Amino acid sequence: MFYRLSGVYHTRYSATRQLWPIPADRWQIGAVAVLALAAPLYMSDLYLSSYLLPWLIFSAATLALTLLMGLAGQLHFGFGAVMAIGAYTSIHLARAGVPFELALLAAGLMAALIGCLFGAAALRVKGLYLVMATLAMQFLVDWVIVNVNAISGGAVATLQTPQVSYLFVPVASLTARYYLALLWAAIVTLLVLNIKRTSFGRALVAVRDKDFAAAVIGVNIFKYKLLAFFTSSFLGGVTGSILAFCFYQAVTPSQFNFDVTIQLVAMALVGGLGSVIGGFLGAGFVLLAPIVLLNLIARMTDAGWLNVSTTLMAHIPLMLYGAMIIGFLLFEPLGLAKIYDNARKYFLVWPFRHTQS
Amino acid sequence: MKRTHPSPTRRSLLKAAALAAGLGIGVVGVAQAQDKAPIQFATLMDFTRVYTFLTSEYSQGQQDYIKLVNMEGGVDGRPIKLIIKDHASYPERGIAQYNEARSDGAVFFDFLSTPVANALMPRANEDHLPMIAFAHGRADAADGQKFPYVFPAAAIYRSQAALLLQFIDEHEGGLKGKKIAFVHIDSPFGKEPIELLNKVSALKGFELKLFPYPVPGTEQAATWTEVRRYRPDKVIIWGAGPGQAVSIRGAVGNGIAPKDIHSVIWLSESDMQSFTGDTVVGLKRFTAVNTGTSPAILKRIVDKVITPGQGSGDKAKVGTTYYNIGVASMAIAVEAARLATKKLGAPLTGEKLKQGFEMLKDFTAEGLMPPLTITDKDHQGGGWGRVSEWDGKQWAPKSDWSHAFQDVVWQLIREDEAKAKK
Amino acid sequence: MSYFIELLINGALTGLMYSMVALGIVLIYKSSGVLNFAQGAMVMIGGYAVWLLAETGLPITLAIMLALLVMFAFGLLAERVLLRTMVGQPIIMIVMLTLGLDIFLRALGPGLLGTEPKHLDIGIGMAPLILGDVLTNRTYAVGGVIALVLIALALLFFRTRLGTKLRAVSDDHVSSWSVGISVERAVAISWGLAGLCAVAAGTMWGAVQGVDWSLTALLFPAVAVVILGGVDSILGALVAGLAVGILGSVIPGYVDSLVGGSTRDVVTSVVILLTILIRPYGMFGREDIERI
């Protein structure tokens with residue numbers, strides 16, 4: 001009823017290979033797109049600027065990471081550093097007067113270059129050791145940023161983003177910043193969705209599942225691992241720069257430290273590794289759940305239902321954040337994407353109870 | 001590898017629905033009537049991550065003082081409500097909470113976290129909402145022309161270092177020819193006074209050497225070995241939290257007399273608890289706000305809030321350094337709100353509160369602080385403070401309220417601004 | 001020259017204190033192939049446990065003894081509740097699980113007990129140990145000795161009957177099962193032992209810096225130690241601890257004042273990176289790293 005399959009006849013191969021072959025999915029995508037495009041019209045500034053905007057940007061970052069971790073199977077615990085490289089590159093270029101469009105491109109390229117450098121070094125190893133190598137990258141990049149005054153901006157260590165315009169639209173008002181973030185999130189989403197359907201994506205999946213086996217069937221694993229690092233770091237770098245320009249409007253080293261890296265990995269995992277919808281769901285969940293919980297607890301103490309010390313109250317969301325990561329891994333290791341998938345399948349065959357696949 | 005799931009069940013749907021509901025709660029906005037409602041102050045701080053050593057006592061002081069103010073009739077008959085939240089020093093969370101508090105009608109902000117404050121200073125300016133960065137935050141916030149809505153309202157770090165140097169100059173046999181070791185945490189906060197120290201060192205003719213130690217500051221053994229070899233006459237330690245006790249232990253363990261150690265403002269009674277007896281008696285610290293419960297304002301808090309059992313935390317913490325700093329920060333804000341409503345009339349807005357801050361003249365919070373005068377140019381309020389000495393039980397004042405090398409401090413602020421403009 | 005020797009000795013002692021934390025990680029990895037990112041948080045909980053028990057008026061030695069029991073039980077519990085259900089999941093899931101545990105514990109301890117650093121007095125004075133021209137911190141010296149004892153005990157333990165079983169388990173889970181060794185029990189015991197190491201490290205580091213959440217930051221140097229030494233080698237934890245400690249003391253001792261910034265974290269990061277590039281399985285680790 002909801003996902004009507006009868007009457008959907010594909011007469012061409014291209015029709016069966018399109019991104020969303022089921023009309024109901026297309027309807028939903030269309031509705032979400034319209035809602036997202038119209039958000040500045042019906043949403044208050046508060047929800048637009050402090051929930052929707054960071055959600056979009058962090059979703060883009062999660063998608064970039066999930067491309068590397070979920071699709072190509074290369075673990076990365078230094079993605080905060082990748083975004084930092086992008087943010088700092090673009091802000092310095094923009095301050096030097098380089099057009100923002102070029103600065104964004106350069107941010108991506110620089111992040112990709114340095115990301116590849118570490119990636120290439122890390123390609124000798126995998127699994128746990130890759131985690132360590134990228135972790136070392138995170139700390140090295142952090143150190144360089146904090147200690148090289150030319151990068152961090154000296155003792156004050158906060159760089160304000162200069163006035164820039166993107167395609168002749170000044171990126172200043174909330175609406176403009178929102179649309180730029182939306183545009184970027186849409187680009188990343190389409191890119192990752194499509195990469196999954198190309199030979200490049202299939203090669204990445206082959207490398208992920210077993211790299212030696214992939215080599216046997218003729219996939220150049222070195223090339224594809226490096227390409228995965230390159231693409232993902234490029235997207236991460238641009239996202240870092242979008243985050244700085246559209247959301248923070250300033251750059252400090254702590255915006256991209258190890259905690260942010262963990263947050264990104266948590267987003268990718270909670271959402272479901274390798275899933276695009278999971279990227280959005282995971283980013284939203286990890287980003288917004290602590291805020292919602294905090295508000296909830298604050299309301300409860302205000303109403304007198306809960307009497308705890310300020311210190312304990314402040315720690316409860318962090319506890320729940322940890323517990324949430326543990327809970328997802330224990331009870332739903334495939335993440336929110338799997339929950340969404342279950343729901344979708346339920347409606348797909350409704351009113352029956354079983355799918356064939 | 002992969003867990004295979006049976007077809008979707010009712011349970012998983014329930015899970016999805018529960019998640020959706022959980023997210024939905026945040027979207028229910030609460031509109032509040034503005035005229036009769038309380039004045040809202042937002043104290044969005046880091047209770048859980050970097051500033052844990054400080055926040056709970058500081059917030060306790062703020063809460064107790066606001067309770068006192070409300071008992072005594074509030075400001076202009078309106079009570080004050082504190083919005084307290086934990087942003088864990090994450091700028092994105094701080095920004096979200098700031099936006100939310102702003103839309104709830106908060107007119108005053110305190111972030112107590114350098115990264116969050118730095119990220120939000122330009123926004124507070126744009127939105128015309130005053131924020132306090134009491135004795136912390138970046139130096140150029142002292143310039144009321146550049147950041148009209150940001151108030152350090154106490155000596156910024158450079159003024160603190162300047163005052164310590166002046167104390168050495170005046171009370172400990174002069175600076176000339178001395179060897180001073182500056183042992184600091186390797187972060188923007190730790191590096192902030194370096195430029196000032198260099199300038200004053202050229203001015204006064206002392207030798208300065210820098211000894212950075214890594215974040216989070218809990219392991220400094222190698223640093224102190226190096227300091228001892230340098231044989232400094234005086235040591236200035238610049239850190240915060242557990243690193244401070246480690247610094248002192250390192251200094252004393254390496255034969256530096258406690259009387260030669262001088263510390264930044266962040267060294268509290270609980271840091272000193274780990275030193276029993278008189279091992280560190282004589283250690284000096286910059287002080288912006290009197291400690292103890294003897295100032296009149298603290299006595300009233302004890303009588304009216306703490307003794308009736310209304311206190312918001314551990315009684316033993318009342319009157320500690322950080323508690324009193326919390327009281328002072330709120331006393332300044334409340335006084336500014338009073339002045340603003342008296343002179344400019346209700347309802348209180350951000351613009352009026354800002355002008356209220358700039359009306360503060362020789363405000364001492366009933367003997368709690370040095371006389372504070374804020375103008376539209378100087379948001380630091382003169383950079384006043386004093387040096388206190390640890391006497392084994394508490395911090396005893398060793399000098400009168402004064403300020404030092406303010407010309408150098410302001411020269412540096414101008415230089416920074418010129419650099420930023422380039 | 002004496003400056004160098006002092007840096008060397010102090011670095012070595014610090015390194016041994018890192019080894020204490022690293023030993024816990026090695027014990028767990030040896031039996032189950034899980035890299036425990038929550039070991040830093042376990043050290044913190046160990047420190048809190050000792051502090052709590054000492055606060056009740058118990059003498060400090062008794063408090064430490066009781067804390068050892070508590071943390072052994074805690075290790076068993078963590079393994080039973082969390083890790084056992086994750087057997088066979090991809091490595092990223094398990095890494096993230098221990099990180100989640102780390103976040104949870106980091107909030108739990110300070111949230112319940114207050115955030116200010118707790119002072120842990122284990123009766124070691126501040127007066128330094130003086131050996132000629134060289135000064136060392138007494139607490140570090142005691143910590144170094146305890147680390148050596150723990151490592152020696154761990155090495156001996158693997159020669160006992162139970163230890164032999166653990167070695168078998170670390171070789172191969174399936175074949176251990178087939179000869180009647182309870183793999184689950186062996187893994188659980190290794191988590192309990194890691195809990196014991198956490199108490200030792202929590203007590204000594206707590207005496208150095210006070211007990212608060214920043215104890216969890218010990219994870220980073222400890223990870224550097226296990227990477228350099230080999231994640232499954234106890235001897236590696238010792239040698240690499242010494243190496244990381246000495247490098248992290250001598251190099252910053254000469255370089256810091258030149259670059260005007262603290263270089264210890266850089267040294268540690270470079271050690272990790274170089275080890276992974278040149279010899280990913282560490283100095284003493286086994287080469288079959290694809291076992292996971």
# chains A, B, ... in the order shown; residues from 1 in each chain; ligands from 1

call {"tool": "residues_around", "arguments": {"residues": "Trp266 (chain B)", "least_positions_apart": "2", "cutoff": "7 Å", "atoms": "only C-alpha atoms", "output": "list in words"}}
result
Ala240, Val264 and Ser268 of chain B

call {"tool": "write_last_selection", "arguments": {"atoms": "C-alpha atoms", "output": "short mmCIF file (atom, residue, chain, number, x, y, z; two decimals), in the first residue's frame"}}
result
data_model
loop_
_atom_site.label_atom_id
_atom_site.label_comp_id
_atom_site.auth_asym_id
_atom_site.auth_seq_id
_atom_site.Cartn_x
_atom_site.Cartn_y
_atom_site.Cartn_z
CA ALA B 240 45.12 24.98 35.74
CA VAL B 264 48.27 32.34 38.02
CA SER B 268 42.48 26.73 44.74
#

call {"tool": "select_by_dssp", "arguments": {"residues": "region 51-251 of chain B", "states": "strand (DSSP E)", "output": "count of residues only"}}
result
35

call {"tool": "interface_residues", "arguments": {"of": "chain A", "to": "chain C", "cutoff": "8 Å", "atoms": "only C-alpha atoms", "output": "PyMOL selection string"}}
result
chain A and resi 75+121-122+124-125+127-129+132-133+136-137+139-140+143+147+266+269+311-316+318-326+329-330+333

call {"tool": "write_last_selection", "arguments": {"atoms": "N, CA and C atoms", "output": "CSV table (one decimal), in the first residue's frame"}}
result
chain,number,residue,atom,x,y,z
A,75,LEU,N,39.9,1.8,8.4
A,75,LEU,CA,39.5,2.5,9.6
A,75,LEU,C,40.3,3.8,9.7
A,121,ALA,N,51.2,5.9,4.1
A,121,ALA,CA,52.0,5.3,5.2
A,121,ALA,C,51.3,4.2,5.9
A,122,ALA,N,50.0,4.4,6.0
A,122,ALA,CA,49.2,3.4,6.8
A,122,ALA,C,48.8,2.2,6.0
A,124,ARG,N,50.4,-0.1,4.7
A,124,ARG,CA,51.1,-1.3,5.0
A,124,ARG,C,50.3,-2.1,6.0
A,125,VAL,N,49.5,-1.5,6.8
A,125,VAL,CA,48.8,-2.2,7.9
A,125,VAL,C,47.3,-2.1,7.8
A,127,GLY,N,43.3,-2.8,10.0
A,127,GLY,CA,42.7,-3.1,11.3
A,127,GLY,C,43.1,-2.2,12.4
A,128,LEU,N,43.5,-2.8,13.5
A,128,LEU,CA,43.9,-2.1,14.7
A,128,LEU,C,45.0,-1.2,14.5
A,129,TYR,N,46.0,-1.6,13.6
A,129,TYR,CA,47.2,-0.8,13.4
A,129,TYR,C,46.9,0.4,12.6
A,132,MET,N,45.7,2.9,15.0
A,132,MET,CA,46.8,3.6,15.7
A,132,MET,C,47.5,4.6,14.8
A,133,ALA,N,47.7,4.3,13.5
A,133,ALA,CA,48.5,5.2,12.7
A,133,ALA,C,47.7,6.4,12.4
A,136,ALA,N,47.7,8.6,15.5
A,136,ALA,CA,49.0,9.4,15.5
A,136,ALA,C,48.9,10.6,14.6
A,137,MET,N,48.2,10.5,13.5
A,137,MET,CA,48.1,11.6,12.6
A,137,MET,C,47.3,12.7,13.3
A,139,PHE,N,47.1,13.4,16.4
A,139,PHE,CA,47.8,14.1,17.4
A,139,PHE,C,48.9,15.0,16.8
A,140,LEU,N,49.5,14.5,15.7
A,140,LEU,CA,50.6,15.3,15.1
A,140,LEU,C,50.0,16.6,14.5
A,143,TRP,N,49.1,19.1,17.1
A,143,TRP,CA,50.3,19.7,17.6
A,143,TRP,C,50.8,20.8,16.7
A,147,ASN,N,51.0,24.7,17.7
A,147,ASN,CA,52.3,25.3,17.9
A,147,ASN,C,52.9,26.2,16.8
A,266,ALA,N,31.6,7.7,16.0
A,266,ALA,CA,30.4,7.2,16.7
A,266,ALA,C,29.2,7.5,15.8
A,269,LEU,N,29.1,4.8,13.1
A,269,LEU,CA,28.8,3.5,13.6
A,269,LEU,C,27.3,3.4,14.1
A,311,THR,N,26.6,19.0,39.3
A,311,THR,CA,27.7,18.2,38.7
A,311,THR,C,27.2,16.9,38.1
A,312,LEU,N,26.4,16.2,38.9
A,312,LEU,CA,25.9,14.9,38.4
A,312,LEU,C,25.0,15.1,37.2
A,313,MET,N,24.2,16.2,37.3
A,313,MET,CA,23.3,16.5,36.2
A,313,MET,C,24.1,16.7,34.9
A,314,ALA,N,25.2,17.4,35.0
A,314,ALA,CA,25.9,17.7,33.8
A,314,ALA,C,26.6,16.5,33.3
A,315,HIS,N,26.8,15.5,34.1
A,315,HIS,CA,27.5,14.3,33.6
A,315,HIS,C,26.6,13.2,33.1
A,316,ILE,N,25.3,13.4,33.4
A,316,ILE,CA,24.3,12.3,32.9
A,316,ILE,C,24.3,12.2,31.4
A,318,LEU,N,26.7,12.7,29.3
A,318,LEU,CA,27.9,12.1,28.8
A,318,LEU,C,27.8,10.6,29.1
A,319,MET,N,27.3,10.2,30.3
A,319,MET,CA,27.1,8.8,30.6
A,319,MET,C,26.2,8.2,29.6
A,320,LEU,N,25.1,8.8,29.3
A,320,LEU,CA,24.1,8.3,28.4
A,320,LEU,C,24.8,8.2,27.0
A,321,TYR,N,25.6,9.1,26.6
A,321,TYR,CA,26.3,9.1,25.3
A,321,TYR,C,27.1,7.8,25.3
A,322,GLY,N,27.9,7.6,26.3
A,322,GLY,CA,28.7,6.4,26.4
A,322,GLY,C,27.9,5.1,26.3
A,323,ALA,N,26.8,5.1,27.1
A,323,ALA,CA,25.9,4.0,27.2
A,323,ALA,C,25.2,3.7,25.9
A,324,MET,N,24.9,4.8,25.2
A,324,MET,CA,24.3,4.8,23.9
A,324,MET,C,25.1,4.1,22.9
A,325,ILE,N,26.4,4.5,22.8
A,325,ILE,CA,27.4,3.8,21.9
A,325,ILE,C,27.4,2.3,22.2
A,326,ILE,N,27.6,2.0,23.5
A,326,ILE,CA,27.7,0.6,23.9
A,326,ILE,C,26.4,-0.1,23.5
A,329,LEU,N,26.1,-0.9,19.8
A,329,LEU,CA,27.0,-1.9,19.4
A,329,LEU,C,26.5,-3.3,19.9
A,330,LEU,N,25.9,-3.3,21.1
A,330,LEU,CA,25.5,-4.6,21.6
A,330,LEU,C,24.2,-5.1,21.0
A,333,PRO,N,24.1,-3.7,16.1
A,333,PRO,CA,25.4,-3.3,15.5
A,333,PRO,C,25.3,-2.7,14.1

call {"tool": "closest_atom_pairs", "arguments": {"of": "chain C", "to": "chain B", "cutoff": "7 Å", "atoms": "only C-alpha atoms", "output": "JSON lines"}}
result
{"residue": "C:Leu7", "atom": "CA", "partner": "B:Ala222", "partner_atom": "CA", "distance": 6.1}
{"residue": "C:Asn10", "atom": "CA", "partner": "B:Ala221", "partner_atom": "CA", "distance": 6.7}
{"residue": "C:Gly88", "atom": "CA", "partner": "B:Met1", "partner_atom": "CA", "distance": 6.3}
{"residue": "C:Gln89", "atom": "CA", "partner": "B:Met1", "partner_atom": "CA", "distance": 5.6}
{"residue": "C:Pro90", "atom": "CA", "partner": "B:Met1", "partner_atom": "CA", "distance": 6.6}
{"residue": "C:Thr115", "atom": "CA", "partner": "B:Thr52", "partner_atom": "CA", "distance": 5.4}
{"residue": "C:Glu116", "atom": "CA", "partner": "B:Phe53", "partner_atom": "CA", "distance": 4.7}
{"residue": "C:Pro117", "atom": "CA", "partner": "B:Pro242", "partner_atom": "CA", "distance": 6.2}
{"residue": "C:His119", "atom": "CA", "partner": "B:Ser274", "partner_atom": "CA", "distance": 5.3}
{"residue": "C:Met126", "atom": "CA", "partner": "B:Gly253", "partner_atom": "CA", "distance": 5.9}
{"residue": "C:Ala127", "atom": "CA", "partner": "B:Gly253", "partner_atom": "CA", "distance": 5.7}
{"residue": "C:Pro128", "atom": "CA", "partner": "B:Gly253", "partner_atom": "CA", "distance": 5.3}
{"residue": "C:Asn137", "atom": "CA", "partner": "B:Gly253", "partner_atom": "CA", "distance": 6.7}
{"residue": "C:Val208", "atom": "CA", "partner": "B:Val246", "partner_atom": "CA", "distance": 6.8}
{"residue": "C:Gln209", "atom": "CA", "partner": "B:Val246", "partner_atom": "CA", "distance": 5.6}
{"residue": "C:Gly210", "atom": "CA", "partner": "B:Pro242", "partner_atom": "CA", "distance": 6.6}
{"residue": "C:Ser249", "atom": "CA", "partner": "B:Ala222", "partner_atom": "CA", "distance": 5.3}
{"residue": "C:Gly253", "atom": "CA", "partner": "B:Ala222", "partner_atom": "CA", "distance": 6.1}
{"residue": "C:Ser257", "atom": "CA", "partner": "B:Phe211", "partner_atom": "CA", "distance": 6.4}
{"residue": "C:Gly260", "atom": "CA", "partner": "B:Pro212", "partner_atom": "CA", "distance": 6.9}
{"residue": "C:Gly261", "atom": "CA", "partner": "B:Pro212", "partner_atom": "CA", "distance": 5.7}
{"residue": "C:Ser262", "atom": "CA", "partner": "B:Pro214", "partner_atom": "CA", "distance": 5.2}
{"residue": "C:Arg264", "atom": "CA", "partner": "B:Pro214", "partner_atom": "CA", "distance": 6.6}

call {"tool": "select_by_dssp", "arguments": {"residues": "region 267-366 of chain B", "states": "alpha helix (DSSP H)", "output": "PyMOL selection string"}}
result
chain B and resi 269-272+296-301+321-344+350-358

call {"tool": "residues_around", "arguments": {"residues": "Ala365 (chain B)", "least_positions_apart": "2", "cutoff": "7 Å", "atoms": "only C-alpha atoms", "output": "ChimeraX atom specification"}}
result
/B:297,328,331,363,367-369

call {"tool": "write_last_selection", "arguments": {"atoms": "C-alpha atoms", "output": "CSV table (one decimal), in the first residue's frame"}}
result
chain,number,residue,atom,x,y,z
B,297,ILE,CA,28.3,39.6,50.8
B,328,ALA,CA,31.9,38.0,42.2
B,331,ALA,CA,27.5,40.2,41.7
B,363,PHE,CA,32.1,48.6,42.6
B,367,GLY,CA,34.4,44.3,50.0
B,368,LEU,CA,34.7,41.1,47.9
B,369,MET,CA,36.7,42.6,45.1

call {"tool": "residues_around", "arguments": {"residues": "Tyr166 (chain A)", "least_positions_apart": "4", "cutoff": "7 Å", "atoms": "only C-alpha atoms", "output": "mmCIF file with C-alpha atoms, in the first residue's frame"}}
result
data_model
loop_
_atom_site.group_PDB
_atom_site.id
_atom_site.type_symbol
_atom_site.label_atom_id
_atom_site.label_comp_id
_atom_site.auth_asym_id
_atom_site.auth_seq_id
_atom_site.Cartn_x
_atom_site.Cartn_y
_atom_site.Cartn_z
ATOM 1 C CA PHE A 100 36.016 31.280 -1.681
ATOM 2 C CA GLU A 101 35.212 28.774 -4.420
ATOM 3 C CA PRO A 170 27.598 36.556 0.247
ATOM 4 C CA VAL A 171 27.910 33.799 2.847
#

call {"tool": "residues_around", "arguments": {"residues": "Ala106 (chain A)", "least_positions_apart": "3", "cutoff": "8 Å", "atoms": "only C-alpha atoms", "output": "ChimeraX atom specification"}}
result
/A:86,89-90,102-103,109-110

call {"tool": "closest_residue", "arguments": {"among": "A:Gln249, A:Ser173, A:Thr62, A:Ser275", "to": "chain B", "atoms": "only C-alpha atoms"}}
result
A:Gln249

call {"tool": "residues_around", "arguments": {"residues": "Gly279 (chain A)", "least_positions_apart": "5", "cutoff": "8 Å", "atoms": "only C-alpha atoms", "output": "number ranges by chain"}}
result
A: 59-60, 62-63, 66, 267-268, 271-274

call {"tool": "atom_distance", "arguments": {"atom1": "CA of Met65 (chain C)", "atom2": "CA of Ser182 (chain C)"}}
result
27.8 Å

call {"tool": "decode", "arguments": {"residues": "region 216-230 of chain C", "atoms": "N, CA and C atoms", "output": "mmCIF file, in the first residue's frame"}}
result
data_model
loop_
_atom_site.group_PDB
_atom_site.id
_atom_site.type_symbol
_atom_site.label_atom_id
_atom_site.label_comp_id
_atom_site.auth_asym_id
_atom_site.auth_seq_id
_atom_site.Cartn_x
_atom_site.Cartn_y
_atom_site.Cartn_z
ATOM 1 N N THR C 216 42.434 9.383 32.759
ATOM 2 C CA THR C 216 42.107 8.629 31.546
ATOM 3 C C THR C 216 43.041 8.997 30.404
ATOM 4 N N ALA C 217 43.673 10.181 30.498
ATOM 5 C CA ALA C 217 44.579 10.602 29.432
ATOM 6 C C ALA C 217 45.841 9.754 29.395
ATOM 7 N N LEU C 218 46.069 8.916 30.414
ATOM 8 C CA LEU C 218 47.225 8.018 30.404
ATOM 9 C C LEU C 218 47.125 7.006 29.277
ATOM 10 N N LEU C 219 45.926 6.879 28.722
ATOM 11 C CA LEU C 219 45.729 5.905 27.653
ATOM 12 C C LEU C 219 46.690 6.142 26.493
ATOM 13 N N PHE C 220 46.895 7.414 26.143
ATOM 14 C CA PHE C 220 47.679 7.697 24.949
ATOM 15 C C PHE C 220 49.134 7.229 25.058
ATOM 16 N N PRO C 221 49.869 7.623 26.126
ATOM 17 C CA PRO C 221 51.222 7.076 26.243
ATOM 18 C C PRO C 221 51.222 5.556 26.379
ATOM 19 N N ALA C 222 50.207 5.019 27.064
ATOM 20 C CA ALA C 222 50.172 3.564 27.226
ATOM 21 C C ALA C 222 49.994 2.881 25.875
ATOM 22 N N VAL C 223 49.178 3.465 25.008
ATOM 23 C CA VAL C 223 48.995 2.881 23.680
ATOM 24 C C VAL C 223 50.301 2.959 22.901
ATOM 25 N N ALA C 224 51.012 4.077 23.037
ATOM 26 C CA ALA C 224 52.312 4.180 22.370
ATOM 27 C C ALA C 224 53.232 3.065 22.852
ATOM 28 N N VAL C 225 53.183 2.798 24.157
ATOM 29 C CA VAL C 225 54.041 1.744 24.714
ATOM 30 C C VAL C 225 53.680 0.389 24.123
ATOM 31 N N VAL C 226 52.393 0.068 24.077
ATOM 32 C CA VAL C 226 52.049 -1.275 23.590
ATOM 33 C C VAL C 226 52.318 -1.397 22.093
ATOM 34 N N ILE C 227 52.147 -0.308 21.347
ATOM 35 C CA ILE C 227 52.439 -0.389 19.918
ATOM 36 C C ILE C 227 53.925 -0.657 19.712
ATOM 37 N N LEU C 228 54.751 0.101 20.436
ATOM 38 C CA LEU C 228 56.195 -0.060 20.264
ATOM 39 C C LEU C 228 56.643 -1.435 20.738
ATOM 40 N N GLY C 229 56.109 -1.873 21.863
ATOM 41 C CA GLY C 229 56.589 -3.116 22.430
ATOM 42 C C GLY C 229 55.976 -4.349 21.777
ATOM 43 N N GLY C 230 54.844 -4.173 21.129
ATOM 44 C CA GLY C 230 54.111 -5.335 20.633
ATOM 45 C C GLY C 230 52.913 -5.549 21.536
#
